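Please read the structure below before turning to the comments.
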Amino acid sequence: GNSEGYNLSLPTVDEISIFFQFSSFFIVIIGSSGACLLRCQLSEYFLMFVTFAKIFRHKVDKPTDLIDQMVELATIARKDGMIALEGQEIANPFLSKAVGMLVDGTDVAIVKASLERDNASAKKRHAMGAKIFSAWGEIAPAMGMIGTLIGLVQMLANMSDPKAIGPAMAVALLTTMYGAILSKVFCLSKAQKLENAAELEAANNELIIEGVLFIQAGGNPRILTDYLASFLSPKVREKVAEAAG
(Lines give C-alpha, C1' and ligand atoms only; values in the text may rest on other atoms or scores of the structure.)
Protein backbone atom coordinates (compact mmCIF):
# COMPACT_ATOMS: atom_id res chain seq x y z
CA GLY A 1 0.00 0.00 0.00
CA ASN A 2 3.01 2.33 -0.26
CA SER A 3 2.22 5.12 -2.74
CA GLU A 4 5.63 6.71 -2.57
CA GLY A 5 6.98 7.59 -6.00
CA TYR A 6 3.55 8.09 -7.59
CA ASN A 7 2.46 11.62 -8.45
CA LEU A 8 -1.34 11.77 -8.40
CA SER A 9 -1.62 15.57 -8.49
CA LEU A 10 -3.69 17.29 -11.17
CA PRO A 11 -1.86 19.01 -14.04
CA THR A 12 -1.07 22.66 -13.40
CA VAL A 13 -2.28 25.56 -15.54
CA ASP A 14 1.22 25.94 -16.99
CA GLU A 15 1.28 22.27 -17.99
CA ILE A 16 -2.08 22.59 -19.74
CA SER A 17 -1.28 25.92 -21.37
CA ILE A 18 1.52 24.41 -23.44
CA PHE A 19 -1.16 22.80 -25.60
CA PHE A 20 -2.61 26.19 -26.56
CA GLN A 21 -0.87 28.08 -29.34
CA PHE A 22 -2.72 30.92 -31.03
CA SER A 23 -0.70 30.78 -34.24
CA SER A 24 -1.41 27.07 -34.67
CA PHE A 25 -5.08 27.53 -33.85
CA PHE A 26 -5.41 30.43 -36.30
CA ILE A 27 -3.73 28.52 -39.13
CA VAL A 28 -5.94 25.45 -38.75
CA ILE A 29 -9.31 27.05 -37.99
CA ILE A 30 -9.15 30.05 -40.32
CA GLY A 31 -7.21 28.22 -43.02
CA SER A 32 -9.44 25.13 -43.14
CA SER A 33 -12.71 27.09 -42.94
CA GLY A 34 -11.48 29.43 -45.68
CA ALA A 35 -10.44 26.52 -47.91
CA CYS A 36 -13.80 24.84 -47.25
CA LEU A 37 -15.59 28.04 -48.24
CA LEU A 38 -13.79 27.96 -51.60
CA ARG A 39 -15.49 24.63 -52.34
CA CYS A 40 -19.01 25.99 -52.08
CA GLN A 41 -21.13 29.11 -52.20
CA LEU A 42 -21.39 31.36 -49.17
CA SER A 43 -25.09 30.52 -48.73
CA GLU A 44 -24.32 26.79 -48.78
CA TYR A 45 -21.52 27.28 -46.22
CA PHE A 46 -23.80 29.01 -43.71
CA LEU A 47 -26.62 26.58 -44.50
CA MET A 48 -24.38 23.87 -42.99
CA PHE A 49 -24.56 25.53 -39.56
CA VAL A 50 -28.26 26.41 -39.89
CA THR A 51 -29.17 22.84 -40.82
CA PHE A 52 -27.02 21.41 -38.04
CA ALA A 53 -28.52 23.72 -35.42
CA LYS A 54 -32.07 23.13 -36.62
CA ILE A 55 -31.94 19.36 -36.72
CA PHE A 56 -30.37 19.04 -33.28
CA ARG A 57 -32.40 21.79 -31.61
CA HIS A 58 -35.55 19.81 -32.33
CA LYS A 59 -35.61 16.22 -31.15
CA VAL A 60 -36.45 13.72 -33.89
CA ASP A 61 -39.86 12.20 -33.15
CA LYS A 62 -40.21 8.52 -32.39
CA PRO A 63 -42.05 6.68 -35.18
CA THR A 64 -44.34 5.02 -32.63
CA ASP A 65 -45.42 8.44 -31.30
CA LEU A 66 -46.19 9.62 -34.83
CA ILE A 67 -48.20 6.49 -35.54
CA ASP A 68 -50.19 6.90 -32.31
CA GLN A 69 -50.96 10.51 -33.17
CA MET A 70 -52.02 9.63 -36.71
CA VAL A 71 -54.30 6.86 -35.41
CA GLU A 72 -55.90 9.48 -33.18
CA LEU A 73 -56.28 11.90 -36.11
CA ALA A 74 -57.67 9.12 -38.32
CA THR A 75 -60.27 8.32 -35.65
CA ILE A 76 -61.35 11.97 -35.46
CA ALA A 77 -61.49 12.32 -39.25
CA ARG A 78 -63.50 9.13 -39.70
CA LYS A 79 -65.98 10.13 -37.01
CA ASP A 80 -66.40 13.88 -37.59
CA GLY A 81 -64.86 14.53 -41.01
CA MET A 82 -61.62 16.18 -42.13
CA ILE A 83 -62.70 19.63 -40.97
CA ALA A 84 -62.62 18.32 -37.38
CA LEU A 85 -58.82 18.01 -37.65
CA GLU A 86 -58.51 21.79 -37.73
CA GLY A 87 -57.12 23.15 -34.46
CA GLN A 88 -55.60 19.83 -33.36
CA GLU A 89 -52.31 20.32 -31.52
CA ILE A 90 -49.56 18.86 -33.73
CA ALA A 91 -45.91 19.46 -32.80
CA ASN A 92 -44.33 17.89 -35.88
CA PRO A 93 -44.23 20.62 -38.60
CA PHE A 94 -44.34 18.14 -41.49
CA LEU A 95 -47.41 16.38 -40.07
CA SER A 96 -48.98 19.75 -39.26
CA LYS A 97 -48.65 20.86 -42.88
CA ALA A 98 -50.03 17.56 -44.14
CA VAL A 99 -53.07 17.75 -41.87
CA GLY A 100 -53.63 21.36 -42.95
CA MET A 101 -53.84 20.18 -46.55
CA LEU A 102 -56.41 17.54 -45.55
CA VAL A 103 -58.52 20.18 -43.78
CA ASP A 104 -58.38 22.37 -46.91
CA GLY A 105 -59.67 19.46 -49.00
CA THR A 106 -56.59 19.37 -51.24
CA ASP A 107 -56.61 16.73 -53.97
CA VAL A 108 -54.83 13.51 -53.03
CA ALA A 109 -52.37 13.75 -55.92
CA ILE A 110 -51.38 17.27 -54.90
CA VAL A 111 -51.00 16.26 -51.25
CA LYS A 112 -48.73 13.37 -52.18
CA ALA A 113 -46.64 15.37 -54.65
CA SER A 114 -46.25 18.36 -52.32
CA LEU A 115 -45.21 16.30 -49.29
CA GLU A 116 -42.79 14.17 -51.30
CA ARG A 117 -41.24 17.31 -52.77
CA ASP A 118 -40.81 18.84 -49.28
CA ASN A 119 -39.21 15.63 -48.02
CA ALA A 120 -36.83 15.50 -50.98
CA SER A 121 -35.86 19.15 -50.43
CA ALA A 122 -35.14 18.49 -46.75
CA LYS A 123 -33.01 15.46 -47.68
CA LYS A 124 -31.04 17.59 -50.13
CA ARG A 125 -30.40 20.35 -47.56
CA HIS A 126 -29.26 17.89 -44.91
CA ALA A 127 -27.04 16.01 -47.36
CA MET A 128 -25.43 19.29 -48.43
CA GLY A 129 -24.74 20.27 -44.82
CA ALA A 130 -23.18 16.87 -44.05
CA LYS A 131 -21.11 17.04 -47.24
CA ILE A 132 -19.63 20.42 -46.29
CA PHE A 133 -18.81 19.17 -42.78
CA SER A 134 -17.07 16.18 -44.38
CA ALA A 135 -15.14 18.47 -46.73
CA TRP A 136 -14.04 20.58 -43.76
CA GLY A 137 -12.89 17.40 -42.02
CA GLU A 138 -10.83 16.42 -45.07
CA ILE A 139 -9.17 19.84 -45.29
CA ALA A 140 -8.29 20.28 -41.59
CA PRO A 141 -5.41 17.73 -41.47
CA ALA A 142 -3.91 19.30 -44.60
CA MET A 143 -3.96 22.71 -42.93
CA GLY A 144 -2.30 21.09 -39.92
CA MET A 145 0.50 19.87 -42.16
CA ILE A 146 0.82 23.32 -43.73
CA GLY A 147 1.17 24.79 -40.23
CA THR A 148 3.81 22.17 -39.46
CA LEU A 149 5.79 23.19 -42.53
CA ILE A 150 5.49 26.86 -41.52
CA GLY A 151 6.83 26.03 -38.07
CA LEU A 152 9.72 24.02 -39.50
CA VAL A 153 10.64 26.83 -41.89
CA GLN A 154 10.67 29.28 -38.97
CA MET A 155 12.80 26.90 -36.94
CA LEU A 156 15.34 26.32 -39.71
CA ALA A 157 15.52 30.04 -40.43
CA ASN A 158 16.46 30.77 -36.81
CA MET A 159 18.79 27.90 -35.95
CA SER A 160 21.34 30.45 -34.70
CA ASP A 161 18.86 31.61 -32.02
CA PRO A 162 18.15 28.78 -29.55
CA LYS A 163 15.25 30.72 -28.00
CA ALA A 164 13.37 30.77 -31.34
CA ILE A 165 13.59 27.03 -31.91
CA GLY A 166 11.13 26.08 -29.14
CA PRO A 167 8.20 28.32 -30.18
CA ALA A 168 8.66 27.40 -33.85
CA MET A 169 8.68 23.70 -32.98
CA ALA A 170 5.53 24.20 -30.91
CA VAL A 171 3.76 25.71 -33.93
CA ALA A 172 4.97 22.80 -36.07
CA LEU A 173 3.62 20.11 -33.74
CA LEU A 174 0.48 21.74 -32.40
CA THR A 175 -0.94 22.58 -35.82
CA THR A 176 -0.83 18.89 -36.72
CA MET A 177 -2.62 18.09 -33.44
CA TYR A 178 -5.25 20.80 -33.98
CA GLY A 179 -5.86 19.62 -37.53
CA ALA A 180 -6.42 16.03 -36.37
CA ILE A 181 -8.74 17.10 -33.54
CA LEU A 182 -10.80 19.41 -35.75
CA SER A 183 -11.13 16.71 -38.41
CA LYS A 184 -11.81 13.55 -36.40
CA VAL A 185 -13.41 14.89 -33.22
CA PHE A 186 -15.53 17.71 -34.62
CA CYS A 187 -16.12 17.82 -38.38
CA LEU A 188 -16.40 14.15 -39.36
CA SER A 189 -18.34 13.21 -36.23
CA LYS A 190 -20.79 16.08 -36.81
CA ALA A 191 -21.19 15.06 -40.45
CA GLN A 192 -22.08 11.53 -39.36
CA LYS A 193 -24.50 12.82 -36.72
CA LEU A 194 -26.19 15.05 -39.26
CA GLU A 195 -26.51 12.17 -41.74
CA ASN A 196 -28.02 9.89 -39.08
CA ALA A 197 -30.50 12.49 -37.86
CA ALA A 198 -31.45 13.40 -41.43
CA GLU A 199 -32.14 9.75 -42.28
CA LEU A 200 -34.39 9.39 -39.23
CA GLU A 201 -36.28 12.56 -40.10
CA ALA A 202 -36.69 11.49 -43.74
CA ALA A 203 -38.03 8.10 -42.63
CA ASN A 204 -40.51 9.85 -40.31
CA ASN A 205 -41.65 12.06 -43.19
CA GLU A 206 -42.23 9.02 -45.40
CA LEU A 207 -44.24 7.44 -42.58
CA ILE A 208 -46.31 10.62 -42.29
CA ILE A 209 -46.97 10.70 -46.04
CA GLU A 210 -48.28 7.12 -46.01
CA GLY A 211 -50.36 7.76 -42.90
CA VAL A 212 -51.90 10.98 -44.21
CA LEU A 213 -52.82 9.39 -47.54
CA PHE A 214 -54.41 6.52 -45.59
CA ILE A 215 -56.46 9.01 -43.55
CA GLN A 216 -57.48 10.93 -46.69
CA ALA A 217 -58.66 7.69 -48.27
CA GLY A 218 -60.93 7.09 -45.26
CA GLY A 219 -59.06 4.01 -44.03
CA ASN A 220 -60.00 2.23 -40.82
CA PRO A 221 -57.95 3.68 -37.92
CA ARG A 222 -57.77 0.24 -36.30
CA ILE A 223 -55.52 -1.11 -39.05
CA LEU A 224 -53.39 2.03 -39.45
CA THR A 225 -50.78 0.82 -36.95
CA ASP A 226 -50.34 -2.46 -38.82
CA TYR A 227 -50.30 -0.59 -42.12
CA LEU A 228 -47.38 1.60 -40.96
CA ALA A 229 -45.54 -1.18 -39.09
CA SER A 230 -43.03 -1.55 -41.94
CA PHE A 231 -41.45 1.76 -40.85
CA LEU A 232 -40.61 0.30 -37.43
CA SER A 233 -37.63 -1.84 -36.50
CA PRO A 234 -38.46 -5.55 -35.93
CA LYS A 235 -37.94 -5.22 -32.17
CA VAL A 236 -40.23 -2.18 -31.88
CA ARG A 237 -42.75 -3.89 -34.19
CA GLU A 238 -42.94 -6.83 -31.78
CA LYS A 239 -43.54 -4.51 -28.80
CA VAL A 240 -46.30 -2.69 -30.66
CA ALA A 241 -47.93 -6.00 -31.60
CA GLU A 242 -47.76 -7.19 -27.99
CA ALA A 243 -49.28 -3.93 -26.73
CA ALA A 244 -52.10 -4.26 -29.26
CA GLY A 245 -52.80 -7.75 -27.89
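Residue numbering restarts at 1 in every chain; chains get A, B, ... in the order shown in the C-alpha coordinates, and ligands count up from 1 in that same order.
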
Would you tabulate, counting only C-alpha atoms, all residues of segment 20-135 of chain A that have an atom at most 7 Å from an atom of segment 175-183 of chain A, showing the closest pair of atoms and their distance in Å to one decimal, sorted by chain then ascending number, as a Markdown table?
```
| residue | atom | partner | partner_atom | distance |
| --- | --- | --- | --- | --- |
| A:Ser24 | CA | A:Thr175 | CA | 4.7 |
| A:Phe25 | CA | A:Tyr178 | CA | 6.7 |
| A:Val28 | CA | A:Gly179 | CA | 6.0 |
```

Problem set entry | Non-local contacts of segment 47-61 of chain A (12 Å; only C-alpha atoms; under 4 positions in same chain excluded) as a ChimeraX atom specification | /A:36-37,40-43,65-69,90-95,122-136,187,190-205,207-208

Exercise. Nearest to Ala113 of chain A: which of A:Leu213, A:Val185, A:Ile76, A:Ala157 is it, counting only C-alpha atoms?
Worked result: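 Looking only at the distances to Ala113 of chain A, the closest residue turns out to be A:Leu213.
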
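Ranking A:Met155, A:Val103, A:Met169, A:Ala98 by their shortest atom-to-atom distance to Gly81 of chain A, with only C-alpha atoms included, puts A:Val103 first.
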
For this session: Quick one: pull the distance between atom CA of Ser32 of chain A and atom CA of Met143 of chain A, Å, one decimal.
Result: 6.0 Å

Exercise. Running DSSP on the backbone, which parts of segment 50-181 of chain A land in alpha helix (DSSP H), as a ChimeraX atom specification?
Worked result: /A:50-57,63-80,93-103,108-157,162-180

Problem set entry | Counting only C-alpha atoms, the option among A:Val236, A:Met159, A:Ile27, A:Val212 closest to Val71 of chain A |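 The shortest atom-to-atom distance to Val71 of chain A comes from A:Val212.
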
Problem set entry | Computed interatomic separation between atom CA of Gly100 of chain A and atom CA of Leu73 of chain A (Å) | 12.0 Å

For this session: Mind checking which residues fall within 12 Å of Asp104 of chain A, counting only C-alpha atoms, ignoring those fewer than 2 positions away in the same chain, and posting them as a PyMOL selection string?
Result: chain A and resi 81-86+97-102+106-108+110-111+216

Atoms kept (all heavy atoms) for selection, written as a CSV table (one decimal), in the first residue's frame:
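What landed in selection_38.csv:
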```csv
chain,number,residue,atom,x,y,z
A,81,GLY,N,-65.2,13.9,-39.7
A,81,GLY,CA,-64.9,14.5,-41.0
A,81,GLY,C,-63.5,15.3,-40.9
A,81,GLY,O,-63.0,15.5,-39.8
A,82,MET,N,-62.9,15.6,-42.1
A,82,MET,CA,-61.6,16.2,-42.1
A,82,MET,C,-61.6,17.5,-41.5
A,82,MET,O,-60.6,17.9,-40.9
A,82,MET,CB,-61.2,16.3,-43.6
A,82,MET,CG,-60.9,15.0,-44.3
A,82,MET,SD,-59.6,14.1,-43.6
A,82,MET,CE,-59.7,12.6,-44.6
A,83,ILE,N,-62.7,18.3,-41.5
A,83,ILE,CA,-62.7,19.6,-41.0
A,83,ILE,C,-62.5,19.6,-39.5
A,83,ILE,O,-62.0,20.6,-38.9
A,83,ILE,CB,-64.1,20.3,-41.3
A,83,ILE,CG1,-63.9,21.8,-41.1
A,83,ILE,CG2,-65.2,19.7,-40.5
A,83,ILE,CD1,-63.0,22.5,-42.0
A,84,ALA,N,-62.8,18.4,-38.8
A,84,ALA,CA,-62.6,18.3,-37.4
A,84,ALA,C,-61.1,18.3,-37.0
A,84,ALA,O,-60.8,18.4,-35.8
A,84,ALA,CB,-63.3,17.1,-36.9
A,85,LEU,N,-60.3,18.1,-38.0
A,85,LEU,CA,-58.8,18.0,-37.6
A,85,LEU,C,-58.2,19.4,-37.4
A,85,LEU,O,-57.1,19.6,-36.9
A,85,LEU,CB,-58.1,17.3,-38.8
A,85,LEU,CG,-58.4,15.9,-39.1
A,85,LEU,CD1,-57.6,15.3,-40.2
A,85,LEU,CD2,-58.2,15.0,-37.8
A,86,GLU,N,-59.0,20.4,-37.9
A,86,GLU,CA,-58.5,21.8,-37.7
A,86,GLU,C,-58.4,22.2,-36.2
A,86,GLU,O,-59.3,21.9,-35.5
A,86,GLU,CB,-59.4,22.8,-38.4
A,86,GLU,CG,-58.9,24.2,-38.5
A,86,GLU,CD,-59.8,25.1,-39.4
A,86,GLU,OE1,-60.9,24.7,-39.8
A,86,GLU,OE2,-59.3,26.2,-39.7
A,97,LYS,N,-48.4,20.4,-41.5
A,97,LYS,CA,-48.7,20.9,-42.9
A,97,LYS,C,-49.6,19.9,-43.6
A,97,LYS,O,-50.5,20.3,-44.3
A,97,LYS,CB,-47.3,21.1,-43.6
A,97,LYS,CG,-47.6,21.4,-45.1
A,97,LYS,CD,-46.3,21.6,-45.9
A,97,LYS,CE,-46.6,21.9,-47.4
A,97,LYS,NZ,-45.4,22.0,-48.2
A,98,ALA,N,-49.2,18.6,-43.5
A,98,ALA,CA,-50.0,17.6,-44.1
A,98,ALA,C,-51.5,17.6,-43.7
A,98,ALA,O,-52.4,17.5,-44.5
A,98,ALA,CB,-49.4,16.2,-43.9
A,99,VAL,N,-51.7,17.7,-42.4
A,99,VAL,CA,-53.1,17.7,-41.9
A,99,VAL,C,-53.8,19.0,-42.3
A,99,VAL,O,-55.0,19.0,-42.6
A,99,VAL,CB,-53.1,17.7,-40.3
A,99,VAL,CG1,-54.4,17.9,-39.7
A,99,VAL,CG2,-52.6,16.3,-39.9
A,100,GLY,N,-53.1,20.1,-42.4
A,100,GLY,CA,-53.6,21.4,-42.9
A,100,GLY,C,-54.1,21.2,-44.4
A,100,GLY,O,-55.2,21.7,-44.7
A,101,MET,N,-53.4,20.4,-45.2
A,101,MET,CA,-53.8,20.2,-46.5
A,101,MET,C,-55.1,19.3,-46.6
A,101,MET,O,-56.0,19.5,-47.4
A,101,MET,CB,-52.7,19.5,-47.3
A,101,MET,CG,-51.5,20.4,-47.5
A,101,MET,SD,-50.1,19.6,-48.4
A,101,MET,CE,-50.7,19.7,-50.0
A,102,LEU,N,-55.2,18.4,-45.6
A,102,LEU,CA,-56.4,17.5,-45.5
A,102,LEU,C,-57.6,18.4,-45.2
A,102,LEU,O,-58.7,18.2,-45.8
A,102,LEU,CB,-56.2,16.4,-44.5
A,102,LEU,CG,-55.1,15.4,-44.7
A,102,LEU,CD1,-55.2,14.3,-43.7
A,102,LEU,CD2,-55.3,14.8,-46.1
A,106,THR,N,-57.5,19.4,-50.1
A,106,THR,CA,-56.6,19.4,-51.2
A,106,THR,C,-56.7,18.0,-51.9
A,106,THR,O,-56.8,17.0,-51.2
A,106,THR,CB,-55.1,19.6,-50.8
A,106,THR,OG1,-55.1,20.9,-50.0
A,106,THR,CG2,-54.2,19.8,-52.0
A,107,ASP,N,-56.6,18.0,-53.2
A,107,ASP,CA,-56.6,16.7,-54.0
A,107,ASP,C,-55.5,15.8,-53.5
A,107,ASP,O,-54.4,16.2,-53.2
A,107,ASP,CB,-56.5,17.0,-55.5
A,107,ASP,CG,-56.6,15.8,-56.3
A,107,ASP,OD1,-57.7,15.3,-56.5
A,107,ASP,OD2,-55.5,15.3,-56.8
A,108,VAL,N,-55.8,14.5,-53.5
A,108,VAL,CA,-54.8,13.5,-53.0
A,108,VAL,C,-53.5,13.5,-53.8
A,108,VAL,O,-52.4,13.4,-53.2
A,108,VAL,CB,-55.5,12.1,-53.1
A,108,VAL,CG1,-55.9,11.7,-54.5
A,108,VAL,CG2,-54.5,11.1,-52.4
A,110,ILE,N,-52.1,16.1,-55.3
A,110,ILE,CA,-51.4,17.3,-54.9
A,110,ILE,C,-50.8,17.1,-53.5
A,110,ILE,O,-49.6,17.5,-53.3
A,110,ILE,CB,-52.3,18.5,-55.0
A,110,ILE,CG1,-52.8,18.8,-56.4
A,110,ILE,CG2,-51.6,19.8,-54.4
A,110,ILE,CD1,-53.8,19.9,-56.5
A,111,VAL,N,-51.5,16.5,-52.6
A,111,VAL,CA,-51.0,16.3,-51.2
A,111,VAL,C,-49.8,15.4,-51.3
A,111,VAL,O,-48.7,15.7,-50.7
A,111,VAL,CB,-52.1,15.6,-50.4
A,111,VAL,CG1,-51.5,15.1,-49.0
A,111,VAL,CG2,-53.2,16.5,-50.1
A,216,GLN,N,-56.7,10.3,-45.6
A,216,GLN,CA,-57.5,10.9,-46.7
A,216,GLN,C,-58.4,10.0,-47.5
A,216,GLN,O,-59.4,10.3,-47.9
A,216,GLN,CB,-56.5,11.7,-47.6
A,216,GLN,CG,-57.2,12.6,-48.6
A,216,GLN,CD,-56.3,13.4,-49.4
A,216,GLN,OE1,-55.2,13.0,-49.7
A,216,GLN,NE2,-56.6,14.6,-49.8
```

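Among the candidates A:Leu224, A:Ala170, A:Ile165, A:Ile139, the one nearest to Gln21 of chain A when counting only C-alpha atoms is A:Ala170.
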